[in-house]
>>> print(open('input_0.cif').read())   # mmCIF, N, CA and C atoms
data_data
loop_
_atom_site.label_atom_id
_atom_site.label_comp_id
_atom_site.auth_asym_id
_atom_site.auth_seq_id
_atom_site.Cartn_x
_atom_site.Cartn_y
_atom_site.Cartn_z
N MET Y 1 -9.60 54.66 -24.92
CA MET Y 1 -9.07 54.55 -23.59
C MET Y 1 -7.73 55.27 -23.45
N TYR Y 2 -6.77 54.94 -24.34
CA TYR Y 2 -5.45 55.54 -24.28
C TYR Y 2 -5.07 56.10 -25.64
N LYS Y 3 -4.41 57.26 -25.64
CA LYS Y 3 -4.02 57.89 -26.90
C LYS Y 3 -2.61 57.52 -27.34
N LYS Y 4 -1.73 57.23 -26.37
CA LYS Y 4 -0.35 56.89 -26.71
C LYS Y 4 0.13 55.80 -25.77
N ILE Y 5 0.45 54.65 -26.36
CA ILE Y 5 0.91 53.50 -25.59
C ILE Y 5 2.32 53.11 -26.07
N ILE Y 6 3.21 52.90 -25.13
CA ILE Y 6 4.55 52.41 -25.44
C ILE Y 6 4.60 50.91 -25.13
N VAL Y 7 5.07 50.15 -26.11
CA VAL Y 7 5.20 48.70 -25.96
C VAL Y 7 6.66 48.31 -26.16
N PRO Y 8 7.41 48.15 -25.05
CA PRO Y 8 8.79 47.69 -25.18
C PRO Y 8 8.81 46.21 -25.55
N ILE Y 9 9.64 45.85 -26.53
CA ILE Y 9 9.73 44.46 -26.97
C ILE Y 9 11.20 44.05 -27.00
N ALA Y 10 11.51 43.01 -26.23
CA ALA Y 10 12.86 42.45 -26.21
C ALA Y 10 12.98 41.42 -27.33
N MET Y 11 14.06 41.45 -28.05
CA MET Y 11 14.23 40.52 -29.18
C MET Y 11 14.28 39.06 -28.74
N ASP Y 12 14.69 38.81 -27.51
CA ASP Y 12 14.74 37.43 -27.04
C ASP Y 12 13.43 37.00 -26.38
N GLN Y 13 12.44 37.87 -26.40
CA GLN Y 13 11.14 37.59 -25.80
C GLN Y 13 10.00 37.98 -26.76
N LEU Y 14 10.16 37.66 -28.04
CA LEU Y 14 9.18 38.09 -29.05
C LEU Y 14 7.77 37.58 -28.79
N GLU Y 15 7.65 36.35 -28.29
CA GLU Y 15 6.31 35.82 -28.04
C GLU Y 15 5.59 36.65 -26.99
N HIS Y 16 6.31 37.13 -25.97
CA HIS Y 16 5.71 38.01 -24.97
C HIS Y 16 5.39 39.37 -25.59
N GLY Y 17 6.25 39.82 -26.49
CA GLY Y 17 6.03 41.09 -27.18
C GLY Y 17 4.75 41.07 -27.99
N GLU Y 18 4.50 39.97 -28.69
CA GLU Y 18 3.26 39.86 -29.47
C GLU Y 18 2.04 39.88 -28.55
N THR Y 19 2.16 39.25 -27.39
CA THR Y 19 1.05 39.23 -26.44
C THR Y 19 0.72 40.63 -25.96
N VAL Y 20 1.74 41.39 -25.54
CA VAL Y 20 1.47 42.75 -25.04
C VAL Y 20 1.04 43.68 -26.17
N LEU Y 21 1.50 43.42 -27.37
CA LEU Y 21 1.06 44.21 -28.52
C LEU Y 21 -0.44 44.00 -28.75
N GLY Y 22 -0.91 42.76 -28.60
CA GLY Y 22 -2.33 42.47 -28.72
C GLY Y 22 -3.15 43.21 -27.67
N ILE Y 23 -2.61 43.32 -26.47
CA ILE Y 23 -3.30 44.07 -25.42
C ILE Y 23 -3.36 45.55 -25.79
N ALA Y 24 -2.25 46.08 -26.29
CA ALA Y 24 -2.21 47.49 -26.70
C ALA Y 24 -3.24 47.78 -27.78
N GLU Y 25 -3.38 46.86 -28.73
CA GLU Y 25 -4.35 47.05 -29.81
C GLU Y 25 -5.77 47.16 -29.27
N LYS Y 26 -6.07 46.46 -28.20
CA LYS Y 26 -7.42 46.50 -27.61
C LYS Y 26 -7.64 47.77 -26.80
N LEU Y 27 -6.57 48.34 -26.26
CA LEU Y 27 -6.70 49.49 -25.36
C LEU Y 27 -6.51 50.85 -26.02
N ILE Y 28 -5.99 50.87 -27.23
CA ILE Y 28 -5.69 52.15 -27.88
C ILE Y 28 -6.96 52.81 -28.41
N ASP Y 29 -7.07 54.11 -28.24
CA ASP Y 29 -8.19 54.87 -28.81
C ASP Y 29 -8.11 54.85 -30.33
N GLU Y 30 -9.23 55.04 -30.98
CA GLU Y 30 -9.22 55.18 -32.43
C GLU Y 30 -8.37 56.41 -32.77
N GLY Y 31 -7.42 56.23 -33.65
CA GLY Y 31 -6.51 57.32 -34.01
C GLY Y 31 -5.33 57.45 -33.05
N GLY Y 32 -5.28 56.61 -32.03
CA GLY Y 32 -4.17 56.65 -31.07
C GLY Y 32 -2.90 56.07 -31.67
N GLU Y 33 -1.82 56.20 -30.95
CA GLU Y 33 -0.52 55.77 -31.46
C GLU Y 33 0.12 54.75 -30.52
N ILE Y 34 0.62 53.68 -31.12
CA ILE Y 34 1.39 52.68 -30.38
C ILE Y 34 2.85 52.84 -30.80
N ILE Y 35 3.72 52.96 -29.81
CA ILE Y 35 5.15 53.06 -30.09
C ILE Y 35 5.80 51.73 -29.70
N LEU Y 36 6.32 51.04 -30.71
CA LEU Y 36 7.05 49.80 -30.47
C LEU Y 36 8.49 50.18 -30.15
N LEU Y 37 8.98 49.77 -29.00
CA LEU Y 37 10.29 50.17 -28.54
C LEU Y 37 11.18 48.96 -28.32
N ASN Y 38 12.41 49.05 -28.81
CA ASN Y 38 13.42 48.07 -28.45
C ASN Y 38 14.61 48.84 -27.91
N VAL Y 39 15.12 48.35 -26.79
CA VAL Y 39 16.29 48.96 -26.19
C VAL Y 39 17.46 48.00 -26.36
N VAL Y 40 18.46 48.46 -27.09
CA VAL Y 40 19.70 47.70 -27.23
C VAL Y 40 20.52 48.04 -26.00
N GLU Y 41 20.70 47.04 -25.15
CA GLU Y 41 21.39 47.26 -23.87
C GLU Y 41 22.81 47.77 -24.09
N ASP Y 42 23.19 48.72 -23.29
CA ASP Y 42 24.57 49.23 -23.29
C ASP Y 42 25.37 48.34 -22.34
N LEU Y 43 25.93 47.26 -22.89
CA LEU Y 43 26.62 46.28 -22.06
C LEU Y 43 27.85 46.83 -21.37
N ASN Y 44 28.46 47.85 -21.95
CA ASN Y 44 29.63 48.45 -21.31
C ASN Y 44 29.27 49.10 -19.98
N ALA Y 45 28.01 49.47 -19.81
CA ALA Y 45 27.58 50.10 -18.57
C ALA Y 45 27.59 49.12 -17.40
N TYR Y 46 27.59 47.82 -17.70
CA TYR Y 46 27.56 46.82 -16.64
C TYR Y 46 28.95 46.47 -16.13
N ALA Y 47 29.98 46.94 -16.79
CA ALA Y 47 31.35 46.65 -16.36
C ALA Y 47 31.72 47.63 -15.25
N GLN Y 48 31.27 47.35 -14.05
CA GLN Y 48 31.43 48.29 -12.95
C GLN Y 48 32.65 47.94 -12.10
N GLY Y 49 33.81 48.02 -12.70
CA GLY Y 49 35.03 47.80 -11.95
C GLY Y 49 35.45 46.34 -11.86
N TYR Y 50 34.56 45.42 -12.17
CA TYR Y 50 34.90 44.01 -12.08
C TYR Y 50 35.63 43.53 -13.32
N MET Y 51 35.17 44.04 -14.44
CA MET Y 51 35.83 43.69 -15.69
C MET Y 51 35.52 44.80 -16.69
N ILE Y 52 36.39 44.94 -17.59
CA ILE Y 52 36.17 45.93 -18.64
C ILE Y 52 36.01 45.18 -19.94
N VAL Y 53 34.89 45.39 -20.58
CA VAL Y 53 34.60 44.71 -21.83
C VAL Y 53 34.32 45.79 -22.86
N ASP Y 54 34.98 45.71 -23.96
CA ASP Y 54 34.75 46.68 -25.02
C ASP Y 54 34.06 45.95 -26.17
N PHE Y 55 32.75 46.19 -26.31
CA PHE Y 55 32.01 45.53 -27.38
C PHE Y 55 32.17 46.32 -28.67
N PRO Y 56 32.40 45.62 -29.76
CA PRO Y 56 32.59 46.31 -31.03
C PRO Y 56 31.34 47.10 -31.41
N LEU Y 57 31.56 48.27 -31.96
CA LEU Y 57 30.47 49.13 -32.40
C LEU Y 57 29.59 48.42 -33.42
N GLU Y 58 30.18 47.55 -34.24
CA GLU Y 58 29.42 46.82 -35.25
C GLU Y 58 28.38 45.91 -34.60
N MET Y 59 28.72 45.36 -33.44
CA MET Y 59 27.79 44.48 -32.73
C MET Y 59 26.53 45.23 -32.30
N VAL Y 60 26.70 46.42 -31.79
CA VAL Y 60 25.57 47.24 -31.37
C VAL Y 60 24.74 47.63 -32.60
N GLU Y 61 25.41 48.03 -33.68
CA GLU Y 61 24.70 48.43 -34.90
C GLU Y 61 23.93 47.27 -35.50
N GLU Y 62 24.51 46.07 -35.49
CA GLU Y 62 23.80 44.89 -35.99
C GLU Y 62 22.57 44.59 -35.15
N SER Y 63 22.69 44.76 -33.84
CA SER Y 63 21.54 44.55 -32.95
C SER Y 63 20.43 45.55 -33.26
N ARG Y 64 20.81 46.79 -33.53
CA ARG Y 64 19.82 47.82 -33.87
C ARG Y 64 19.13 47.50 -35.19
N LYS Y 65 19.89 47.06 -36.19
CA LYS Y 65 19.31 46.71 -37.49
C LYS Y 65 18.37 45.53 -37.38
N HIS Y 66 18.79 44.52 -36.62
CA HIS Y 66 17.95 43.33 -36.42
C HIS Y 66 16.64 43.72 -35.72
N ALA Y 67 16.73 44.55 -34.69
CA ALA Y 67 15.54 44.98 -33.96
C ALA Y 67 14.59 45.77 -34.87
N LEU Y 68 15.14 46.68 -35.67
CA LEU Y 68 14.32 47.47 -36.57
C LEU Y 68 13.58 46.58 -37.57
N LYS Y 69 14.30 45.66 -38.17
CA LYS Y 69 13.70 44.75 -39.15
C LYS Y 69 12.59 43.89 -38.50
N THR Y 70 12.87 43.39 -37.31
CA THR Y 70 11.90 42.55 -36.60
C THR Y 70 10.65 43.34 -36.22
N LEU Y 71 10.84 44.55 -35.69
CA LEU Y 71 9.69 45.36 -35.29
C LEU Y 71 8.89 45.87 -36.48
N GLU Y 72 9.57 46.15 -37.60
CA GLU Y 72 8.84 46.54 -38.81
C GLU Y 72 7.93 45.40 -39.28
N ALA Y 73 8.43 44.18 -39.22
CA ALA Y 73 7.62 43.01 -39.62
C ALA Y 73 6.45 42.83 -38.66
N LEU Y 74 6.68 43.03 -37.38
CA LEU Y 74 5.62 42.90 -36.38
C LEU Y 74 4.55 43.98 -36.57
N LYS Y 75 5.00 45.19 -36.84
CA LYS Y 75 4.08 46.31 -37.08
C LYS Y 75 3.22 46.05 -38.30
N ALA Y 76 3.83 45.56 -39.37
CA ALA Y 76 3.09 45.25 -40.60
C ALA Y 76 2.11 44.11 -40.37
N LYS Y 77 2.55 43.08 -39.68
CA LYS Y 77 1.71 41.91 -39.41
C LYS Y 77 0.43 42.30 -38.66
N HIS Y 78 0.57 43.23 -37.70
CA HIS Y 78 -0.57 43.63 -36.88
C HIS Y 78 -1.29 44.87 -37.41
N GLY Y 79 -0.75 45.50 -38.45
CA GLY Y 79 -1.37 46.71 -38.99
C GLY Y 79 -1.43 47.84 -37.97
N ILE Y 80 -0.34 48.02 -37.26
CA ILE Y 80 -0.27 49.00 -36.17
C ILE Y 80 -0.19 50.42 -36.69
N ASN Y 81 -0.99 51.31 -36.08
CA ASN Y 81 -0.86 52.75 -36.33
C ASN Y 81 0.14 53.25 -35.29
N GLY Y 82 1.31 53.55 -35.72
CA GLY Y 82 2.31 54.01 -34.77
C GLY Y 82 3.68 54.01 -35.40
N ARG Y 83 4.67 53.95 -34.54
CA ARG Y 83 6.04 53.99 -35.04
C ARG Y 83 6.95 53.11 -34.21
N ILE Y 84 8.18 53.02 -34.67
CA ILE Y 84 9.19 52.18 -34.04
C ILE Y 84 10.29 53.07 -33.50
N GLU Y 85 10.72 52.78 -32.30
CA GLU Y 85 11.86 53.47 -31.69
C GLU Y 85 12.89 52.42 -31.30
N ILE Y 86 14.12 52.61 -31.72
CA ILE Y 86 15.23 51.77 -31.30
C ILE Y 86 16.18 52.68 -30.54
N ARG Y 87 16.41 52.35 -29.28
CA ARG Y 87 17.28 53.18 -28.44
C ARG Y 87 18.37 52.31 -27.81
N THR Y 88 19.44 52.95 -27.39
CA THR Y 88 20.55 52.26 -26.74
C THR Y 88 20.65 52.78 -25.31
N GLY Y 89 20.86 51.86 -24.38
CA GLY Y 89 21.00 52.24 -22.98
C GLY Y 89 20.51 51.15 -22.08
N GLY Y 90 20.25 51.50 -20.83
CA GLY Y 90 19.65 50.57 -19.89
C GLY Y 90 18.16 50.49 -20.17
N ALA Y 91 17.61 49.30 -20.12
CA ALA Y 91 16.22 49.10 -20.53
C ALA Y 91 15.22 49.93 -19.73
N ALA Y 92 15.22 49.79 -18.41
CA ALA Y 92 14.22 50.47 -17.60
C ALA Y 92 14.32 51.99 -17.72
N GLY Y 93 15.52 52.52 -17.60
CA GLY Y 93 15.70 53.97 -17.69
C GLY Y 93 15.29 54.52 -19.04
N THR Y 94 15.58 53.77 -20.09
CA THR Y 94 15.23 54.21 -21.44
C THR Y 94 13.72 54.18 -21.66
N ILE Y 95 13.07 53.14 -21.16
CA ILE Y 95 11.60 53.05 -21.27
C ILE Y 95 10.95 54.21 -20.53
N ASN Y 96 11.40 54.47 -19.31
CA ASN Y 96 10.83 55.55 -18.52
C ASN Y 96 11.09 56.92 -19.14
N ALA Y 97 12.27 57.11 -19.69
CA ALA Y 97 12.60 58.39 -20.34
C ALA Y 97 11.72 58.61 -21.57
N LEU Y 98 11.51 57.56 -22.36
CA LEU Y 98 10.66 57.71 -23.54
C LEU Y 98 9.22 58.00 -23.13
N ALA Y 99 8.73 57.36 -22.08
CA ALA Y 99 7.37 57.62 -21.60
C ALA Y 99 7.20 59.09 -21.23
N LYS Y 100 8.21 59.64 -20.57
CA LYS Y 100 8.16 61.06 -20.19
C LYS Y 100 8.26 61.96 -21.42
N GLU Y 101 9.22 61.65 -22.28
CA GLU Y 101 9.46 62.43 -23.50
C GLU Y 101 8.21 62.50 -24.39
N GLU Y 102 7.52 61.37 -24.51
CA GLU Y 102 6.35 61.27 -25.39
C GLU Y 102 5.05 61.62 -24.70
N ASN Y 103 5.11 61.88 -23.39
CA ASN Y 103 3.90 62.13 -22.61
C ASN Y 103 2.90 60.97 -22.82
N ALA Y 104 3.41 59.76 -22.70
CA ALA Y 104 2.61 58.56 -22.93
C ALA Y 104 1.55 58.40 -21.86
N ASP Y 105 0.46 57.74 -22.24
CA ASP Y 105 -0.62 57.44 -21.30
C ASP Y 105 -0.38 56.11 -20.58
N LEU Y 106 0.31 55.19 -21.28
CA LEU Y 106 0.45 53.84 -20.75
C LEU Y 106 1.69 53.17 -21.33
N VAL Y 107 2.36 52.38 -20.51
CA VAL Y 107 3.42 51.48 -20.96
C VAL Y 107 2.91 50.07 -20.65
N ILE Y 108 2.96 49.20 -21.65
CA ILE Y 108 2.60 47.80 -21.43
C ILE Y 108 3.87 46.99 -21.60
N ILE Y 109 4.26 46.31 -20.54
CA ILE Y 109 5.52 45.59 -20.53
C ILE Y 109 5.29 44.14 -20.14
N ALA Y 110 6.01 43.25 -20.79
CA ALA Y 110 5.95 41.83 -20.44
C ALA Y 110 6.90 41.56 -19.29
N SER Y 111 6.52 40.65 -18.45
CA SER Y 111 7.39 40.24 -17.35
C SER Y 111 7.65 38.75 -17.49
N HIS Y 112 8.61 38.28 -16.75
CA HIS Y 112 8.95 36.86 -16.77
C HIS Y 112 9.14 36.42 -15.34
N ARG Y 113 9.21 35.15 -15.15
CA ARG Y 113 9.50 34.63 -13.81
C ARG Y 113 10.92 35.06 -13.46
N PRO Y 114 11.11 35.64 -12.28
CA PRO Y 114 12.44 36.14 -11.95
C PRO Y 114 13.48 35.04 -11.80
N GLY Y 115 14.65 35.33 -12.30
CA GLY Y 115 15.79 34.45 -12.11
C GLY Y 115 16.60 34.96 -10.93
N LEU Y 116 17.64 34.25 -10.59
CA LEU Y 116 18.46 34.62 -9.44
C LEU Y 116 19.01 36.04 -9.56
N ILE Y 117 19.46 36.41 -10.75
CA ILE Y 117 20.05 37.74 -10.94
C ILE Y 117 19.03 38.84 -10.68
N ASP Y 118 17.73 38.57 -10.96
CA ASP Y 118 16.70 39.58 -10.74
C ASP Y 118 16.55 39.94 -9.26
N TYR Y 119 16.86 39.00 -8.38
CA TYR Y 119 16.76 39.28 -6.96
C TYR Y 119 17.86 40.23 -6.50
N PHE Y 120 18.94 40.27 -7.23
CA PHE Y 120 20.05 41.16 -6.86
C PHE Y 120 19.93 42.54 -7.49
N ILE Y 121 19.57 42.59 -8.76
CA ILE Y 121 19.53 43.89 -9.44
C ILE Y 121 18.12 44.32 -9.80
N GLY Y 122 17.12 43.47 -9.60
CA GLY Y 122 15.73 43.82 -9.90
C GLY Y 122 15.43 43.62 -11.37
N SER Y 123 14.18 43.37 -11.66
CA SER Y 123 13.80 43.15 -13.05
C SER Y 123 13.49 44.48 -13.72
N THR Y 124 13.56 44.47 -15.03
CA THR Y 124 13.23 45.68 -15.80
C THR Y 124 11.80 46.11 -15.50
N ALA Y 125 10.86 45.17 -15.52
CA ALA Y 125 9.46 45.51 -15.27
C ALA Y 125 9.30 46.18 -13.90
N SER Y 126 9.99 45.67 -12.91
CA SER Y 126 9.90 46.24 -11.57
C SER Y 126 10.41 47.68 -11.54
N ARG Y 127 11.51 47.93 -12.22
CA ARG Y 127 12.07 49.30 -12.24
C ARG Y 127 11.19 50.24 -13.05
N VAL Y 128 10.55 49.74 -14.10
CA VAL Y 128 9.63 50.59 -14.88
C VAL Y 128 8.43 50.95 -14.01
N VAL Y 129 7.84 49.96 -13.35
CA VAL Y 129 6.69 50.22 -12.49
C VAL Y 129 7.03 51.24 -11.41
N SER Y 130 8.21 51.13 -10.83
CA SER Y 130 8.60 52.01 -9.73
C SER Y 130 8.86 53.45 -10.14
N HIS Y 131 9.28 53.67 -11.39
CA HIS Y 131 9.73 55.02 -11.76
C HIS Y 131 9.05 55.63 -12.98
N CYS Y 132 8.13 54.94 -13.61
CA CYS Y 132 7.51 55.45 -14.83
C CYS Y 132 6.57 56.61 -14.53
N PRO Y 133 6.58 57.64 -15.38
CA PRO Y 133 5.73 58.80 -15.14
C PRO Y 133 4.27 58.59 -15.57
N CYS Y 134 3.94 57.42 -16.13
CA CYS Y 134 2.55 57.17 -16.53
C CYS Y 134 2.13 55.79 -16.03
N ALA Y 135 0.91 55.41 -16.32
CA ALA Y 135 0.41 54.10 -15.92
C ALA Y 135 1.21 52.99 -16.60
N VAL Y 136 1.37 51.88 -15.89
CA VAL Y 136 2.10 50.73 -16.42
C VAL Y 136 1.24 49.48 -16.23
N LEU Y 137 1.09 48.72 -17.29
CA LEU Y 137 0.42 47.44 -17.23
C LEU Y 137 1.47 46.37 -17.44
N VAL Y 138 1.58 45.44 -16.50
CA VAL Y 138 2.56 44.37 -16.60
C VAL Y 138 1.83 43.08 -16.93
N ASP Y 139 2.21 42.47 -18.05
CA ASP Y 139 1.63 41.19 -18.45
C ASP Y 139 2.58 40.09 -18.05
N ARG Y 140 2.05 39.11 -17.37
CA ARG Y 140 2.90 38.02 -16.90
C ARG Y 140 2.49 36.72 -17.53
#
>>> encode(input="input_0.cif", output="structure tokens")
Amino acid sequence: MYKKIIVPIAMDQLEHGETVLGIAEKLIDEGGEIILLNVVEDLNAYAQGYMIVDFPLEMVEESRKHALKTLEALKAKHGINGRIEIRTGGAAGTINALAKEENADLVIIASHRPGLIDYFIGSTASRVVSHCPCAVLVDR
């Protein structure tokens, strides 16, 4: 069905990540590639004049290491043919950029029930659906 699927996985939503990974395994062509993606949010980008927060570089690096270790274990557990990408930035923009860069066929993203903040800035899943250059499947 699909030759290249991107599966973004948030470290605080691993149970949803495993669910969408299971969907990807069912939809991938034989010999296809699944890219497990984690985006370490660039928290400094959210300080838009209201406050300036300088997060230590070590904190970002530790988040990247934790994500890599977690996704490697998930990949091994599921026997995934593919690779892991750890990127830094805004989640939706980074997911969409990788989809374009990789010429992906599909992005499978988990969604959650929106909280109050989602009504003001929109959810990641919503922004991916609106701007992704390939098909997007949202699991709720």
>>> select_by_dssp(input="input_0.cif", residues="chain Y", states="strand (DSSP E or B)", output="ChimeraX atom specification")
/Y:2-8,28-41,82-89,106-110,135-139
>>> residues_around(input="input_0.cif", residues="Glu33 in chain Y", least_positions_apart="6", cutoff="8 Å", atoms="all atoms listed in the file", output="list in words")
Tyr2, Lys3, Lys4, Ile5, Ile6, Ile80, Asn81, Gly82 and Arg83 of chain Y
>>> resolve_selection(input="input_0.cif", expression="the PyMOL selection byres (((chain Y and resi 7 and name CA) around 8) and name CA)", output="list in words")
Ile5, Ile6, Pro8, Ile9, Gly17, Val20, Leu21, Ala24, Ile34, Ile35, Leu36, Leu37, Val107, Ile108 and Ile109 of chain Y
>>> closest_residue(input="input_0.cif", among="Y:Val129, Y:Val136, Y:Leu14, Y:Ile95", to="Thr70 in chain Y", atoms="only C-alpha atoms")
Y:Leu14
>>> residues_near_point(input="input_0.cif", point="(3.7, 36.1, -14.8)", cutoff="7 Å", atoms="only N, CA and C atoms", output="PyMOL selection string")
chain Y and resi 111-113+139-140
>>> select_by_dssp(input="input_0.cif", residues="chain Y", states="alpha helix (DSSP H)", output="number ranges by chain")
Y: 14-27, 57-78, 91-102, 116-121, 124-131
>>> atom_distance(input="input_0.cif", atom1="CA of Leu106 in chain Y", atom2="atom C of Val60 in chain Y")
27.7 Å
>>> build_atoms(input="input_0.cif", residues="range 95-104 of chain Y", atoms="all heavy atoms", output="PDB file, keeping the file's coordinate frame")
ATOM      1  N   ILE Y  95      13.070  53.140 -21.160  1.00  0.00           N
ATOM      2  CA  ILE Y  95      11.600  53.050 -21.270  1.00  0.00           C
ATOM      3  C   ILE Y  95      10.950  54.210 -20.530  1.00  0.00           C
ATOM      4  O   ILE Y  95      10.075  54.893 -21.059  1.00  0.00           O
ATOM      5  CB  ILE Y  95      11.101  51.697 -20.711  1.00  0.00           C
ATOM      6  CG1 ILE Y  95      11.577  50.548 -21.598  1.00  0.00           C
ATOM      7  CG2 ILE Y  95       9.571  51.693 -20.586  1.00  0.00           C
ATOM      8  CD1 ILE Y  95      11.441  49.166 -20.967  1.00  0.00           C
ATOM      9  N   ASN Y  96      11.400  54.470 -19.310  1.00  0.00           N
ATOM     10  CA  ASN Y  96      10.830  55.550 -18.520  1.00  0.00           C
ATOM     11  C   ASN Y  96      11.090  56.920 -19.140  1.00  0.00           C
ATOM     12  O   ASN Y  96      10.217  57.791 -19.135  1.00  0.00           O
ATOM     13  CB  ASN Y  96      11.361  55.502 -17.083  1.00  0.00           C
ATOM     14  CG  ASN Y  96      10.818  54.305 -16.323  1.00  0.00           C
ATOM     15  OD1 ASN Y  96       9.761  53.770 -16.650  1.00  0.00           O
ATOM     16  ND2 ASN Y  96      11.545  53.869 -15.316  1.00  0.00           N
ATOM     17  N   ALA Y  97      12.270  57.110 -19.690  1.00  0.00           N
ATOM     18  CA  ALA Y  97      12.600  58.390 -20.340  1.00  0.00           C
ATOM     19  C   ALA Y  97      11.720  58.610 -21.570  1.00  0.00           C
ATOM     20  O   ALA Y  97      11.232  59.728 -21.782  1.00  0.00           O
ATOM     21  CB  ALA Y  97      14.082  58.413 -20.729  1.00  0.00           C
ATOM     22  N   LEU Y  98      11.510  57.560 -22.360  1.00  0.00           N
ATOM     23  CA  LEU Y  98      10.660  57.710 -23.540  1.00  0.00           C
ATOM     24  C   LEU Y  98       9.220  58.000 -23.130  1.00  0.00           C
ATOM     25  O   LEU Y  98       8.543  58.827 -23.765  1.00  0.00           O
ATOM     26  CB  LEU Y  98      10.718  56.459 -24.426  1.00  0.00           C
ATOM     27  CG  LEU Y  98       9.900  56.534 -25.715  1.00  0.00           C
ATOM     28  CD1 LEU Y  98      10.428  57.637 -26.644  1.00  0.00           C
ATOM     29  CD2 LEU Y  98       9.895  55.195 -26.432  1.00  0.00           C
ATOM     30  N   ALA Y  99       8.730  57.360 -22.080  1.00  0.00           N
ATOM     31  CA  ALA Y  99       7.370  57.620 -21.600  1.00  0.00           C
ATOM     32  C   ALA Y  99       7.200  59.090 -21.230  1.00  0.00           C
ATOM     33  O   ALA Y  99       6.186  59.716 -21.551  1.00  0.00           O
ATOM     34  CB  ALA Y  99       7.038  56.714 -20.416  1.00  0.00           C
ATOM     35  N   LYS Y 100       8.210  59.640 -20.570  1.00  0.00           N
ATOM     36  CA  LYS Y 100       8.160  61.060 -20.190  1.00  0.00           C
ATOM     37  C   LYS Y 100       8.260  61.960 -21.420  1.00  0.00           C
ATOM     38  O   LYS Y 100       7.481  62.902 -21.588  1.00  0.00           O
ATOM     39  CB  LYS Y 100       9.290  61.369 -19.212  1.00  0.00           C
ATOM     40  CG  LYS Y 100       9.277  62.792 -18.729  1.00  0.00           C
ATOM     41  CD  LYS Y 100      10.358  63.044 -17.697  1.00  0.00           C
ATOM     42  CE  LYS Y 100      10.278  64.485 -17.221  1.00  0.00           C
ATOM     43  NZ  LYS Y 100      11.277  64.769 -16.199  1.00  0.00           N
ATOM     44  N   GLU Y 101       9.220  61.650 -22.280  1.00  0.00           N
ATOM     45  CA  GLU Y 101       9.460  62.430 -23.500  1.00  0.00           C
ATOM     46  C   GLU Y 101       8.210  62.500 -24.390  1.00  0.00           C
ATOM     47  O   GLU Y 101       7.892  63.527 -24.961  1.00  0.00           O
ATOM     48  CB  GLU Y 101      10.589  61.713 -24.243  1.00  0.00           C
ATOM     49  CG  GLU Y 101      11.257  62.424 -25.358  1.00  0.00           C
ATOM     50  CD  GLU Y 101      12.370  61.505 -25.907  1.00  0.00           C
ATOM     51  OE1 GLU Y 101      13.312  61.161 -25.172  1.00  0.00           O
ATOM     52  OE2 GLU Y 101      12.250  61.149 -27.090  1.00  0.00           O
ATOM     53  N   GLU Y 102       7.520  61.370 -24.510  1.00  0.00           N
ATOM     54  CA  GLU Y 102       6.350  61.270 -25.390  1.00  0.00           C
ATOM     55  C   GLU Y 102       5.050  61.620 -24.700  1.00  0.00           C
ATOM     56  O   GLU Y 102       3.997  61.631 -25.333  1.00  0.00           O
ATOM     57  CB  GLU Y 102       6.244  59.837 -25.936  1.00  0.00           C
ATOM     58  CG  GLU Y 102       7.333  59.458 -26.892  1.00  0.00           C
ATOM     59  CD  GLU Y 102       7.196  60.166 -28.224  1.00  0.00           C
ATOM     60  OE1 GLU Y 102       6.072  60.578 -28.598  1.00  0.00           O
ATOM     61  OE2 GLU Y 102       8.216  60.313 -28.919  1.00  0.00           O
ATOM     62  N   ASN Y 103       5.110  61.880 -23.390  1.00  0.00           N
ATOM     63  CA  ASN Y 103       3.900  62.130 -22.610  1.00  0.00           C
ATOM     64  C   ASN Y 103       2.900  60.970 -22.820  1.00  0.00           C
ATOM     65  O   ASN Y 103       1.729  61.187 -23.107  1.00  0.00           O
ATOM     66  CB  ASN Y 103       3.283  63.483 -22.970  1.00  0.00           C
ATOM     67  CG  ASN Y 103       2.299  63.959 -21.935  1.00  0.00           C
ATOM     68  OD1 ASN Y 103       2.395  63.589 -20.769  1.00  0.00           O
ATOM     69  ND2 ASN Y 103       1.338  64.757 -22.359  1.00  0.00           N
ATOM     70  N   ALA Y 104       3.410  59.760 -22.700  1.00  0.00           N
ATOM     71  CA  ALA Y 104       2.610  58.560 -22.930  1.00  0.00           C
ATOM     72  C   ALA Y 104       1.550  58.400 -21.860  1.00  0.00           C
ATOM     73  O   ALA Y 104       1.711  58.848 -20.719  1.00  0.00           O
ATOM     74  CB  ALA Y 104       3.519  57.333 -22.967  1.00  0.00           C
TER      75      ALA Y 104
END
